[in-house]
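Engineer: Just one file: target-v4.txt, with compact mmCIF, C-alpha atoms.
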```
# COMPACT_ATOMS: atom_id res chain seq x y z
CA MET A 124 -33.42 58.00 56.24
CA LEU A 125 -33.56 54.19 56.15
CA ASN A 126 -35.94 54.30 59.11
CA ARG A 127 -38.24 56.61 57.13
CA ALA A 128 -38.03 54.24 54.16
CA LYS A 129 -38.97 51.33 56.45
CA GLU A 130 -42.08 53.27 57.53
CA ALA A 131 -43.04 53.45 53.84
CA THR A 132 -42.40 49.71 53.42
CA ASP A 133 -44.57 48.96 56.46
CA MET A 134 -47.38 51.11 55.01
CA LEU A 135 -46.99 49.32 51.68
CA LYS A 136 -47.09 45.90 53.39
CA GLU A 137 -50.38 46.79 55.08
CA HIS A 138 -51.95 47.60 51.73
CA ILE A 139 -50.51 44.48 50.10
CA GLU A 140 -52.08 42.37 52.86
CA LYS A 141 -55.42 44.17 52.36
CA ASP A 142 -55.32 43.53 48.57
CA SER A 143 -55.48 47.27 47.92
CA VAL A 144 -55.25 48.51 44.34
CA ILE A 145 -52.36 50.99 44.41
CA ARG A 146 -52.09 54.23 42.45
CA LEU A 147 -48.60 55.10 41.17
CA ILE A 148 -47.71 58.49 39.66
CA SER A 149 -44.19 59.18 38.37
CA HIS A 150 -42.12 61.57 36.28
CA ASN A 151 -41.50 61.00 32.56
CA ASP A 152 -37.68 61.30 32.41
CA ALA A 153 -35.21 58.41 32.76
CA ASP A 154 -35.14 58.78 36.55
CA GLY A 155 -38.94 58.92 36.80
CA ILE A 156 -39.48 55.92 34.51
CA SER A 157 -36.84 53.99 36.51
CA ALA A 158 -38.60 55.02 39.74
CA ALA A 159 -41.90 53.70 38.40
CA ALA A 160 -40.11 50.53 37.26
CA VAL A 161 -38.67 49.85 40.73
CA ILE A 162 -42.08 50.09 42.38
CA ALA A 163 -44.10 48.48 39.57
CA ASN A 164 -41.76 45.46 39.39
CA ALA A 165 -41.93 45.07 43.19
CA LEU A 166 -45.75 45.26 43.20
CA ALA A 167 -46.01 42.83 40.27
CA GLU A 168 -43.81 40.34 42.14
CA GLU A 169 -46.17 40.64 45.15
CA ASN A 170 -49.20 40.04 42.88
CA VAL A 171 -50.58 43.48 43.71
CA GLN A 172 -52.88 45.35 41.35
CA PHE A 173 -51.72 48.85 40.52
CA HIS A 174 -52.51 51.70 38.14
CA THR A 175 -49.56 53.74 36.83
CA THR A 176 -49.52 57.20 35.26
CA ILE A 177 -46.30 58.85 34.06
CA ILE A 178 -46.47 62.62 33.57
CA PRO A 179 -44.08 65.47 32.64
CA ARG A 180 -44.81 67.42 35.84
CA LEU A 181 -47.15 67.31 38.82
CA LYS A 182 -49.48 70.31 38.89
CA ALA A 183 -51.87 71.56 41.57
CA GLU A 184 -54.87 70.52 39.46
CA ASP A 185 -53.45 66.96 39.21
CA VAL A 186 -53.09 66.78 42.98
CA ASN A 187 -56.70 67.98 43.42
CA SER A 188 -58.20 65.62 40.82
CA LEU A 189 -56.33 62.59 42.23
CA ARG A 190 -57.89 63.33 45.62
CA SER A 191 -61.25 62.06 44.37
CA GLU A 192 -59.91 58.80 42.93
CA LYS A 193 -60.92 55.76 44.94
CA TYR A 194 -57.58 54.19 45.83
CA ASP A 195 -56.38 53.44 49.36
CA LEU A 196 -52.69 54.18 48.67
CA PHE A 197 -51.06 56.71 46.35
CA ILE A 198 -47.33 56.54 45.58
CA PHE A 199 -45.63 59.56 44.00
CA SER A 200 -42.16 58.73 42.70
CA ASP A 201 -39.56 61.28 41.53
CA MET A 202 -42.14 63.99 42.28
CA GLY A 203 -44.49 65.17 45.00
CA SER A 204 -42.31 66.92 47.60
CA PRO A 205 -43.76 70.41 46.91
CA PHE A 206 -47.30 69.11 47.65
CA ILE A 207 -46.94 67.61 51.14
CA LYS A 208 -49.39 70.20 52.54
CA GLU A 209 -52.05 69.05 50.04
CA PHE A 210 -51.36 65.34 50.60
CA ASN A 211 -51.81 65.90 54.35
CA THR A 212 -55.49 66.61 53.62
CA TYR A 213 -56.00 63.42 51.56
CA LYS A 214 -58.28 60.78 53.08
CA HIS A 215 -55.93 58.15 51.61
CA ASP A 216 -52.44 56.99 52.53
CA VAL A 217 -49.64 58.58 50.51
CA ILE A 218 -45.99 57.68 49.96
CA VAL A 219 -43.83 60.38 48.38
CA ALA A 220 -40.44 59.08 47.16
CA ASP A 221 -38.67 62.12 45.75
CA HIS A 222 -35.27 63.85 45.71
CA HIS A 223 -36.06 67.42 44.65
CA GLN A 224 -35.66 70.33 47.04
CA VAL A 225 -38.16 70.50 49.91
CA ASP A 226 -39.94 73.18 51.92
CA ASP A 227 -40.53 73.09 55.69
CA THR A 228 -43.95 71.36 55.63
CA ASP A 229 -44.15 68.37 57.99
CA SER A 230 -46.13 65.35 56.84
CA GLU A 231 -49.15 63.99 58.71
CA SER A 232 -49.52 60.33 59.73
CA ASN A 233 -51.15 59.40 56.39
CA VAL A 234 -48.12 60.67 54.43
CA ILE A 235 -44.67 59.05 54.41
CA HIS A 236 -42.17 61.45 52.82
CA ILE A 237 -38.86 59.94 51.66
CA ASN A 238 -36.49 62.65 50.44
CA PRO A 239 -32.71 62.90 50.96
CA HIS A 240 -32.90 66.67 51.60
CA LEU A 241 -34.91 65.98 54.78
CA PHE A 242 -31.84 64.20 56.16
CA GLY A 243 -29.10 66.55 54.98
CA ILE A 244 -28.27 64.37 51.95
CA ASP A 245 -27.69 65.98 48.53
CA GLY A 246 -30.50 64.92 46.20
CA SER A 247 -28.62 66.17 43.14
CA LYS A 248 -25.71 63.72 43.49
CA ASP A 249 -26.19 61.21 46.35
CA LEU A 250 -29.72 59.90 45.69
CA CYS A 251 -32.18 60.17 42.80
CA GLY A 252 -35.96 59.70 42.60
CA ALA A 253 -35.59 56.06 41.60
CA GLY A 254 -33.24 55.63 44.57
CA SER A 255 -35.82 57.03 47.01
CA SER A 256 -38.41 54.74 45.39
CA TYR A 257 -36.12 51.73 45.77
CA LEU A 258 -35.66 52.47 49.48
CA ALA A 259 -39.46 52.31 49.87
CA ILE A 260 -39.55 48.66 48.65
CA ARG A 261 -36.05 47.51 49.70
CA GLU A 262 -37.24 45.79 52.90
CA LEU A 263 -39.65 43.64 50.86
CA ASP A 264 -36.53 41.59 49.95
CA LYS A 265 -36.08 43.43 46.65
CA LYS A 266 -32.34 44.00 46.39
CA HIS A 267 -32.42 42.38 42.94
CA LEU A 268 -34.30 45.52 41.76
CA ALA A 269 -31.60 47.92 43.01
CA HIS A 270 -30.09 48.31 39.53
CA PHE A 271 -33.20 50.24 38.42
CA ALA A 272 -32.35 52.87 41.04
CA LEU A 273 -28.86 53.15 39.53
CA ILE A 274 -30.31 53.44 36.00
CA GLY A 275 -32.32 56.37 37.37
CA ALA A 276 -29.17 57.83 38.92
CA PHE A 277 -27.43 57.74 35.53
CA GLY A 278 -30.48 59.43 34.02
CA ASP A 279 -30.04 62.24 36.56
CA MET A 280 -26.28 62.53 35.91
CA GLN A 281 -25.40 61.02 39.31
CA GLY A 282 -23.38 57.93 38.40
CA GLN A 283 -20.93 59.25 35.83
CA ASP A 284 -18.12 59.87 38.35
CA GLY A 285 -18.90 56.85 40.52
CA PHE A 286 -21.70 56.42 43.04
CA THR A 287 -21.63 58.35 46.31
CA GLY A 288 -23.81 58.70 49.39
CA VAL A 289 -26.95 56.54 49.49
CA ASN A 290 -26.32 55.60 45.84
CA LYS A 291 -23.25 53.67 47.07
CA LEU A 292 -25.42 51.68 49.49
CA ILE A 293 -27.77 50.88 46.58
CA LEU A 294 -24.79 49.85 44.43
CA ASP A 295 -23.67 47.49 47.20
CA ASP A 296 -27.19 45.99 47.32
CA SER A 297 -27.11 45.42 43.58
CA LEU A 298 -23.69 43.76 43.67
CA GLU A 299 -24.72 41.62 46.65
CA SER A 300 -27.84 40.42 44.82
CA GLY A 301 -25.69 39.30 41.86
CA THR A 302 -27.69 41.29 39.27
CA LEU A 303 -24.89 43.80 38.62
CA GLU A 304 -21.20 43.67 37.72
CA VAL A 305 -18.55 46.41 37.58
CA HIS A 306 -15.58 46.36 35.20
CA GLU A 307 -13.21 48.91 33.70
CA GLY A 308 -13.76 50.01 30.13
CA LEU A 309 -14.33 52.86 27.70
CA LYS A 310 -17.48 54.77 28.64
CA ILE A 311 -18.71 55.30 25.10
CA VAL A 312 -22.29 54.55 24.05
CA SER A 313 -23.81 52.06 21.62
CA LYS A 314 -20.65 49.97 21.27
CA ALA A 315 -22.57 47.09 19.72
CA SER A 316 -25.24 48.94 17.75
CA GLU A 317 -23.69 52.00 16.02
CA PRO A 318 -20.63 52.71 13.81
CA ILE A 319 -17.78 53.91 16.01
CA PHE A 320 -17.93 57.52 14.75
CA LYS A 321 -21.56 57.72 15.89
CA SER A 322 -20.73 56.04 19.21
CA LEU A 323 -18.17 58.80 19.84
CA ALA A 324 -20.39 61.65 18.62
CA TYR A 325 -23.28 60.39 20.77
CA THR A 326 -21.10 60.13 23.90
CA PHE A 327 -21.87 63.22 25.96
CA SER A 328 -20.88 62.02 29.42
CA PRO A 329 -17.97 62.18 29.93
CA PRO A 330 -17.75 64.93 27.29
CA LEU A 331 -15.26 64.72 24.44
CA PRO A 332 -14.68 68.30 23.20
CA LYS A 333 -14.76 68.63 19.39
CA ILE A 334 -16.14 65.03 19.17
CA SER A 335 -19.29 64.84 21.33
CA GLY A 336 -22.25 66.01 19.28
CA ASP A 337 -20.08 66.47 16.18
CA LEU A 338 -20.35 63.67 13.60
CA ASP A 339 -17.79 65.28 11.28
CA GLY A 340 -15.42 65.90 14.19
CA ALA A 341 -15.70 62.24 15.24
CA ARG A 342 -14.97 61.04 11.69
CA GLU A 343 -11.94 63.31 11.35
CA PHE A 344 -10.63 62.19 14.75
CA LEU A 345 -10.75 58.52 13.67
CA GLU A 346 -9.31 59.23 10.21
CA ARG A 347 -6.28 60.98 11.76
CA MET A 348 -5.48 57.67 13.48
CA ASN A 349 -6.15 55.63 10.33
CA LEU A 350 -9.05 53.88 12.06
CA SER A 351 -12.12 52.86 10.09
CA TYR A 352 -15.02 54.98 11.27
CA GLY A 353 -17.73 52.77 9.73
CA ILE A 354 -17.36 49.66 11.91
CA LYS A 355 -18.75 49.08 15.39
CA PHE A 356 -16.48 49.26 18.43
CA THR A 357 -17.22 45.59 19.19
CA ASP A 358 -15.91 44.63 15.72
CA MET A 359 -12.58 46.45 16.08
CA GLU A 360 -9.32 44.55 16.55
CA ASP A 361 -7.80 44.63 20.06
CA GLU A 362 -4.88 46.76 18.84
CA GLU A 363 -7.31 49.28 17.34
CA LYS A 364 -9.30 49.40 20.59
CA ASP A 365 -6.11 50.10 22.55
CA LEU A 366 -5.08 52.85 20.13
CA LEU A 367 -8.55 54.43 20.41
CA LYS A 368 -8.54 54.12 24.19
CA ASP A 369 -5.19 55.92 24.53
CA ALA A 370 -6.29 58.72 22.19
CA LEU A 371 -9.61 59.26 24.00
CA ILE A 372 -7.94 59.23 27.44
CA SER A 373 -5.64 62.01 26.23
CA ILE A 374 -8.75 64.09 25.46
CA ASN A 375 -10.63 63.26 28.68
CA PRO A 376 -9.18 60.75 31.19
CA ASP A 377 -12.69 60.18 32.61
CA ILE A 378 -13.66 58.34 29.41
CA PHE A 379 -12.02 55.19 30.84
CA GLY A 380 -13.31 53.88 34.15
CA ASP A 381 -15.93 51.78 35.89
CA CYS A 382 -18.73 50.44 33.67
CA TYR A 383 -21.82 48.95 35.30
CA THR A 384 -23.49 46.04 33.56
CA ILE A 385 -26.38 43.61 34.07
CA PRO A 386 -24.78 40.36 32.84
CA LYS A 387 -28.08 38.48 32.36
CA GLU A 388 -29.63 41.30 30.30
CA ILE A 389 -29.66 41.38 26.48
CA PRO A 390 -26.64 43.23 24.98
CA LEU A 391 -28.56 46.44 24.12
CA LEU A 392 -29.69 46.86 27.73
CA ARG A 393 -26.67 45.41 29.50
CA ASP A 394 -24.96 48.73 30.28
CA LEU A 395 -26.80 50.77 32.94
CA GLU A 396 -25.99 54.13 31.39
CA GLU A 397 -27.12 52.96 27.95
CA TYR A 398 -30.33 51.63 29.52
CA SER A 399 -30.98 55.07 31.04
CA TYR A 400 -30.48 56.75 27.64
CA ILE A 401 -33.08 54.46 26.07
CA LEU A 402 -35.61 55.27 28.81
CA ASP A 403 -34.80 58.97 28.45
CA ALA A 404 -35.42 58.87 24.69
CA CYS A 405 -38.82 57.26 25.32
CA GLY A 406 -39.74 59.95 27.85
CA LYS A 407 -38.51 62.83 25.70
CA ASN A 408 -40.61 61.54 22.78
CA LYS A 409 -43.76 61.23 24.96
CA LYS A 410 -43.58 57.44 24.80
CA GLN A 411 -43.00 56.96 28.52
CA GLY A 412 -45.32 53.93 28.54
CA LEU A 413 -42.98 52.25 26.07
CA GLY A 414 -40.03 52.93 28.39
CA LEU A 415 -41.87 51.50 31.38
CA SER A 416 -42.95 48.41 29.42
CA ILE A 417 -39.27 47.72 28.58
CA ALA A 418 -38.32 48.13 32.25
CA LEU A 419 -41.11 45.66 33.10
CA GLY A 420 -39.60 43.07 30.77
CA GLU A 421 -40.93 43.64 27.25
CA ARG A 422 -38.33 43.25 24.49
CA ASP A 423 -38.51 42.59 20.71
CA GLN A 424 -40.92 45.11 19.11
CA ALA A 425 -40.94 47.42 22.16
CA LEU A 426 -37.14 47.60 22.16
CA ASP A 427 -36.99 48.11 18.38
CA ALA A 428 -39.38 51.04 18.73
CA ALA A 429 -37.34 52.50 21.61
CA LEU A 430 -34.10 52.26 19.63
CA ARG A 431 -35.70 54.12 16.71
CA LEU A 432 -36.72 56.85 19.15
CA GLN A 433 -33.21 56.93 20.59
CA ARG A 434 -31.60 57.39 17.16
CA GLN A 435 -34.09 60.13 16.31
CA TYR A 436 -33.48 61.83 19.67
CA ARG A 437 -29.70 61.70 19.29
CA ASP A 438 -29.92 63.19 15.82
CA GLN A 439 -32.05 65.99 17.28
CA ILE A 440 -29.40 66.64 19.95
CA VAL A 441 -26.66 66.82 17.27
CA LYS A 442 -28.79 69.30 15.30
CA GLY A 443 -29.32 71.29 18.50
CA LEU A 444 -25.62 71.41 19.31
CA GLU A 445 -24.84 72.56 15.76
CA TRP A 446 -27.35 75.37 16.32
CA VAL A 447 -25.68 76.33 19.63
CA LYS A 448 -22.27 76.31 17.92
CA ARG A 449 -23.62 78.56 15.19
CA GLU A 450 -25.81 80.95 17.21
CA GLY A 451 -24.39 80.84 20.74
CA ALA A 452 -26.42 81.82 23.81
CA GLN A 453 -28.03 85.13 24.67
CA GLN A 454 -26.02 86.75 27.48
CA LEU A 455 -27.26 88.55 30.60
CA ASN A 456 -25.05 89.65 33.51
CA SER A 457 -25.07 86.41 35.49
CA ILE A 458 -26.91 83.91 33.31
CA GLN A 459 -27.18 82.95 29.63
CA TYR A 460 -30.15 81.49 27.80
CA LEU A 461 -31.14 79.60 24.65
CA TYR A 462 -34.46 80.25 22.93
CA SER A 463 -35.93 78.97 19.70
CA GLU A 464 -39.41 78.23 18.40
CA ASP A 465 -38.04 75.56 16.03
CA LYS A 466 -39.99 72.35 16.71
CA VAL A 467 -36.92 70.08 16.84
CA LEU A 468 -34.84 72.45 18.95
CA LYS A 469 -37.66 72.98 21.43
CA SER A 470 -37.83 69.23 22.09
CA VAL A 471 -34.17 69.02 23.18
CA MET A 472 -33.59 72.47 24.67
CA GLY A 473 -32.84 71.26 28.21
CA THR A 474 -30.53 68.53 26.93
CA ILE A 475 -28.50 70.82 24.66
CA ALA A 476 -28.24 73.37 27.48
CA SER A 477 -26.68 70.69 29.68
CA ILE A 478 -24.42 69.20 27.01
CA GLY A 479 -23.47 72.65 25.70
CA LEU A 480 -21.94 73.41 29.10
CA SER A 481 -20.09 70.11 29.37
CA VAL A 482 -18.58 70.15 25.85
CA GLU A 483 -17.49 73.80 26.22
CA LEU A 484 -19.86 75.27 23.61
CA LEU A 485 -21.29 77.52 26.34
CA ASP A 486 -19.63 79.65 29.02
CA ASP A 487 -19.43 77.40 32.09
CA SER A 488 -19.06 80.42 34.40
CA LYS A 489 -22.76 81.23 33.92
CA PRO A 490 -25.85 79.05 34.46
CA VAL A 491 -27.77 78.42 31.24
CA LEU A 492 -31.53 78.39 30.76
CA GLY A 493 -33.06 76.53 27.81
CA LEU A 494 -36.46 78.04 26.89
CA SER A 495 -39.14 76.28 24.84
CA ARG A 496 -42.45 77.87 23.93
CA LEU A 497 -45.53 75.70 24.49
CA HIS A 498 -48.54 77.65 23.19
CA LYS A 499 -49.20 80.35 25.83
CA ASP A 500 -46.48 79.14 28.19
CA ILE A 501 -42.72 78.78 28.24
CA LYS A 502 -40.97 75.72 29.64
CA ILE A 503 -37.59 76.46 31.20
CA SER A 504 -34.78 73.95 31.80
CA GLY A 505 -31.92 75.35 33.86
CA ARG A 506 -28.44 73.85 34.15
CA THR A 507 -25.20 74.89 35.81
CA THR A 508 -21.94 73.27 36.97
CA ARG A 509 -20.74 71.88 40.31
CA GLY A 510 -18.22 74.73 40.37
CA MET A 511 -20.97 77.35 40.17
CA VAL A 512 -23.00 75.56 42.86
CA ALA A 513 -19.90 75.70 45.10
CA LYS A 514 -19.87 79.49 44.53
CA GLY A 515 -23.46 79.79 45.77
CA VAL A 516 -25.73 79.20 42.77
CA ASN A 517 -28.99 77.37 43.57
CA LEU A 518 -31.01 77.12 40.37
CA GLY A 519 -33.89 75.27 42.04
CA LYS A 520 -34.44 78.19 44.43
CA ALA A 521 -33.93 80.84 41.73
CA LEU A 522 -36.40 79.25 39.31
CA GLN A 523 -38.96 78.49 42.01
CA ASP A 524 -38.97 82.03 43.43
CA SER A 525 -38.83 83.73 40.02
CA SER A 526 -41.62 81.65 38.48
CA ASN A 527 -43.87 82.25 41.51
CA ASN A 528 -43.64 85.98 40.78
CA PHE A 529 -45.33 85.45 37.42
CA GLY A 530 -47.98 82.90 38.38
CA GLY A 531 -45.83 80.00 37.21
CA THR A 532 -44.25 76.98 38.90
CA GLY A 533 -40.65 75.89 39.27
CA GLY A 534 -38.02 74.14 41.33
CA GLY A 535 -35.65 71.19 41.27
CA HIS A 536 -32.02 70.97 42.36
CA ASP A 537 -29.23 73.47 42.89
CA ILE A 538 -27.48 72.23 39.74
CA ALA A 539 -30.49 71.48 37.52
CA ALA A 540 -34.03 72.84 37.72
CA GLY A 541 -37.11 73.63 35.67
CA ALA A 542 -40.01 76.06 35.51
CA MET A 543 -43.15 76.89 33.58
CA ILE A 544 -44.27 80.51 33.12
CA PRO A 545 -46.71 82.48 30.93
CA TYR A 546 -45.13 83.44 27.59
CA GLU A 547 -45.66 87.17 28.09
CA SER A 548 -43.53 87.05 31.26
CA LYS A 549 -40.43 85.71 29.43
CA ASP A 550 -38.22 88.83 29.47
CA ASN A 551 -39.15 89.92 33.00
CA PHE A 552 -38.63 86.36 34.25
CA LEU A 553 -35.17 86.15 32.68
CA HIS A 554 -34.09 89.43 34.25
CA LEU A 555 -35.41 88.36 37.66
CA VAL A 556 -33.51 85.03 37.50
CA ASP A 557 -30.42 86.98 36.43
CA GLU A 558 -30.76 89.25 39.48
CA MET A 559 -31.36 86.28 41.81
CA VAL A 560 -28.29 84.41 40.57
CA GLU A 561 -26.23 87.60 40.87
CA TYR A 562 -27.48 87.92 44.47
CA GLN A 563 -26.67 84.26 45.24
CA LEU A 564 -23.12 84.67 43.96
CA ALA A 565 -22.59 87.90 45.91
CA ASN A 566 -23.97 86.51 49.18
CA ASP A 567 -22.54 83.00 49.33
```
Step by step, read the file and then write its structure as structure tokens.
Structural biologist:
Amino acid sequence: MLNRAKEATDMLKEHIEKDSVIRLISHNDADGISAAAVIANALAEENVQFHTTIIPRLKAEDVNSLRSEKYDLFIFSDMGSPFIKEFNTYKHDVIVADHHQVDDTDSESNVIHINPHLFGIDGSKDLCGAGSSYLAIRELDKKHLAHFALIGAFGDMQGQDGFTGVNKLILDDSLESGTLEVHEGLKIVSKASEPIFKSLAYTFSPPLPKISGDLDGAREFLERMNLSYGIKFTDMEDEEKDLLKDALISINPDIFGDCYTIPKEIPLLRDLEEYSYILDACGKNKKQGLGLSIALGERDQALDAALRLQRQYRDQIVKGLEWVKREGAQQLNSIQYLYSEDKVLKSVMGTIASIGLSVELLDDSKPVLGLSRLHKDIKISGRTTRGMVAKGVNLGKALQDSSNNFGGTGGGHDIAAGAMIPYESKDNFLHLVDEMVEYQLAND
């Protein structure tokens, strides 16, 4: 895989030497914004001109319209693998740095395709889109940018239990460059910016049952220990921190472990996982340009705006989890699903599907689909557990094949995937996914 990445670097070097203006297209989640940040920072350091677009998904019409743009090199980060056949017919050079599931299309000489699945590496836990993007620029002497790949990994739920596979190599690069440090600590969010009860309620990974997503539950938990819930974690006495640590470890031992920090960064962006949450909030609120500007070095007003979005987004998640607790999921034989046309709930449906599984609000023996209506279409976010994947579930395959039956699009990973289908196909689509998952479980 590193040899393939070097081919991409060599192609990139040729265009840098020719003073090409480079076209960069990336995904709008935390991983995609981090992927764009890795490449954009590298190009900026090389004094290369580039034009970046960050989008929620890459569609066939996008691929066709980009074909006519007059750039010599296109880079697709955290997206692009389903379109290798189309890129093969481009008159331009193309680098695809992705980690989603692939088909069996070989790339032509104008296309360099970096994807862990091509090399038998799991793109849902061992390498993210930002990681593939980092590998494309690594040989330009850019190990000091490796932490952006790890921010992307956290955004794709890959770093929470430690880094494995190619992510471990990237971690080693980051440590070697001196930009990253690892230390043991409590893995709760917003230690320096929120009251402790909110820090606990907003901590979803690792999950804290009856606390994560539950502001009242977090308050009651702290009150039972006679701890003030209104102060920040950083303002607590050492004895109080130890008491809290022991109590949280008894709920979920994973809450204490390795924390990854950028020591030279400002406090709000020092923790990699916290950084990924800020980028994710920007993407989820359609302010992906704001997220990228922060990753390119803007602070002050940009960061203030991002933090407002993050607070708003977290409040939406809490509202969504309260709705799940109240209403539950709709049950089919082998899957469950969440559906609402409420504007706030629609904006966080994929997130509450994922968190609902981890905090035990949903049945973890069934994959969950979060459905959001967008005018004449429905957006689907599918999530399941590692345990269900081990039993044979592949959501990426199920959503891709099912959506194709209704003129839609879909795909992703075995553990997390997405799709877009016409609204009128909703019920038939759900039953087809249910049948496919049932078949996967029976034929593993």
Engineer: With all atoms listed in the file as the atoms that count, which of A:Ile354, A:Ile458, A:Leu323, A:Leu518 lies nearest to Arg437 (chain A)?
Structural biologist: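 For Arg437 (chain A), the nearest of the candidates is A:Leu323.
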Engineer: Give me the residues near region 450-454 of chain A as a PyMOL selection string, where near means some atom within 9 Å (using only C-alpha atoms) and where sequence neighbours in that chain fewer than 5 positions away do not count.
Structural biologist: chain A and resi 445+459-462+484-486+491
Engineer: Rounded to one decimal in Å, what is the spacing between CA of Phe344 (chain A) and CA of Ser328 (chain A)?
Structural biologist: 17.9 Å
Engineer: In Å, rounded to a single decimal, give me how far CA of Leu432 (chain A) is from CA of Ala542 (chain A).
Structural biologist: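 Computing it gives 25.4 Å between the two atoms.
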Engineer: Near region 558-565 of chain A, within 10 Å and counting only C-alpha atoms, which residues show up once chain neighbours fewer than 2 positions away are dropped, as a list in words?
Structural biologist: Leu455, Asn456, Ser457, Ile458, Lys489, Pro490, Met511, Val512, Ala513, Lys514, Gly515, Val516, Asn517, Leu518, Lys520, Ala521, Leu522, Asp524, Ser525, Phe552, Leu553, His554, Leu555, Val556 and Asp567 of chain A
Engineer: Emit the selected residues as a short mmCIF file (atom, residue, chain, number, x, y, z; two decimals), in the coordinates of the input, including C-alpha atoms.
Structural biologist:
```
data_model
loop_
_atom_site.label_atom_id
_atom_site.label_comp_id
_atom_site.auth_asym_id
_atom_site.auth_seq_id
_atom_site.Cartn_x
_atom_site.Cartn_y
_atom_site.Cartn_z
CA LEU A 455 -27.26 88.55 30.60
CA ASN A 456 -25.05 89.65 33.51
CA SER A 457 -25.07 86.41 35.49
CA ILE A 458 -26.91 83.91 33.31
CA LYS A 489 -22.76 81.23 33.92
CA PRO A 490 -25.85 79.05 34.46
CA MET A 511 -20.97 77.35 40.17
CA VAL A 512 -23.00 75.56 42.86
CA ALA A 513 -19.90 75.70 45.10
CA LYS A 514 -19.87 79.49 44.53
CA GLY A 515 -23.46 79.79 45.77
CA VAL A 516 -25.73 79.20 42.77
CA ASN A 517 -28.99 77.37 43.57
CA LEU A 518 -31.01 77.12 40.37
CA LYS A 520 -34.44 78.19 44.43
CA ALA A 521 -33.93 80.84 41.73
CA LEU A 522 -36.40 79.25 39.31
CA ASP A 524 -38.97 82.03 43.43
CA SER A 525 -38.83 83.73 40.02
CA PHE A 552 -38.63 86.36 34.25
CA LEU A 553 -35.17 86.15 32.68
CA HIS A 554 -34.09 89.43 34.25
CA LEU A 555 -35.41 88.36 37.66
CA VAL A 556 -33.51 85.03 37.50
CA ASP A 567 -22.54 83.00 49.33
#
```
Engineer: Taking (-48.2, 59.3, 50.0) in the file's coordinates, which residues come within 9 Å, counting only C-alpha atoms, written as a ChimeraX atom specification?
Structural biologist: /A:131,196-199,203,207,210-211,213,215-220,233-236
Engineer: At a cut-off of 8 Å, using all atoms listed in the file, what residues contact His138 (chain A)? Leave out same-chain residues fewer than 4 positions from it and give the result as number ranges by chain.
Structural biologist: A: 134, 142-143, 195-196
Engineer: Restricting the calculation to all atoms listed in the file, which member of A:Asp226, A:Asp550, A:Glu307, A:Asp369 is positioned closest to Thr384 (chain A)?
Structural biologist: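 Closest to Thr384 (chain A) of all the choices is A:Glu307.
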Engineer: Could you please determine the separation between CA of Lys291 (chain A) and CA of Asp249 (chain A) in Å, to one decimal place?
Structural biologist: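 Between CA of Lys291 (chain A) and CA of Asp249 (chain A) the gap works out to 8.1 Å.
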Engineer: Kindly indicate which residue among A:Ile501, A:Ile417, A:Ala341, A:Ala253 lies nearest to Glu388 (chain A), using all atoms listed in the file for the distances.
Structural biologist: A:Ile417
Engineer: Would you please work out which residue, of A:Ile378, A:Leu366, A:Ala159, A:Ala128, is nearest to Arg261 (chain A) when using only C-alpha atoms?
Structural biologist: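 Of the candidates, the smallest distance to Arg261 (chain A) is held by A:Ala128.
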Engineer: Leaving out region 399-413 of chain A and any residue of its chain fewer than 3 positions from it, which residues lie within 10 Å of it when counting all atoms listed in the file, given as a compact mmCIF listing (two decimals) with C-alpha atoms, in the frame of the given file?
Structural biologist:
```txt
# COMPACT_ATOMS: atom_id res chain seq x y z
CA HIS A 150 -42.12 61.57 36.28
CA ASN A 151 -41.50 61.00 32.56
CA ASP A 152 -37.68 61.30 32.41
CA ALA A 153 -35.21 58.41 32.76
CA ASP A 154 -35.14 58.78 36.55
CA GLY A 155 -38.94 58.92 36.80
CA ILE A 156 -39.48 55.92 34.51
CA SER A 157 -36.84 53.99 36.51
CA THR A 175 -49.56 53.74 36.83
CA THR A 176 -49.52 57.20 35.26
CA ILE A 177 -46.30 58.85 34.06
CA ILE A 178 -46.47 62.62 33.57
CA PRO A 179 -44.08 65.47 32.64
CA PHE A 271 -33.20 50.24 38.42
CA LEU A 273 -28.86 53.15 39.53
CA ILE A 274 -30.31 53.44 36.00
CA GLY A 275 -32.32 56.37 37.37
CA ALA A 276 -29.17 57.83 38.92
CA PHE A 277 -27.43 57.74 35.53
CA GLY A 278 -30.48 59.43 34.02
CA ASP A 279 -30.04 62.24 36.56
CA VAL A 312 -22.29 54.55 24.05
CA LEU A 391 -28.56 46.44 24.12
CA LEU A 392 -29.69 46.86 27.73
CA ASP A 394 -24.96 48.73 30.28
CA LEU A 395 -26.80 50.77 32.94
CA GLU A 396 -25.99 54.13 31.39
CA SER A 416 -42.95 48.41 29.42
CA ILE A 417 -39.27 47.72 28.58
CA ALA A 418 -38.32 48.13 32.25
CA LEU A 419 -41.11 45.66 33.10
CA GLU A 421 -40.93 43.64 27.25
CA ALA A 425 -40.94 47.42 22.16
CA LEU A 426 -37.14 47.60 22.16
CA ALA A 428 -39.38 51.04 18.73
CA ALA A 429 -37.34 52.50 21.61
CA LEU A 430 -34.10 52.26 19.63
CA ARG A 431 -35.70 54.12 16.71
CA LEU A 432 -36.72 56.85 19.15
CA GLN A 433 -33.21 56.93 20.59
CA ARG A 434 -31.60 57.39 17.16
CA GLN A 435 -34.09 60.13 16.31
CA TYR A 436 -33.48 61.83 19.67
CA ARG A 437 -29.70 61.70 19.29
CA SER A 470 -37.83 69.23 22.09
CA VAL A 471 -34.17 69.02 23.18
CA THR A 474 -30.53 68.53 26.93
```
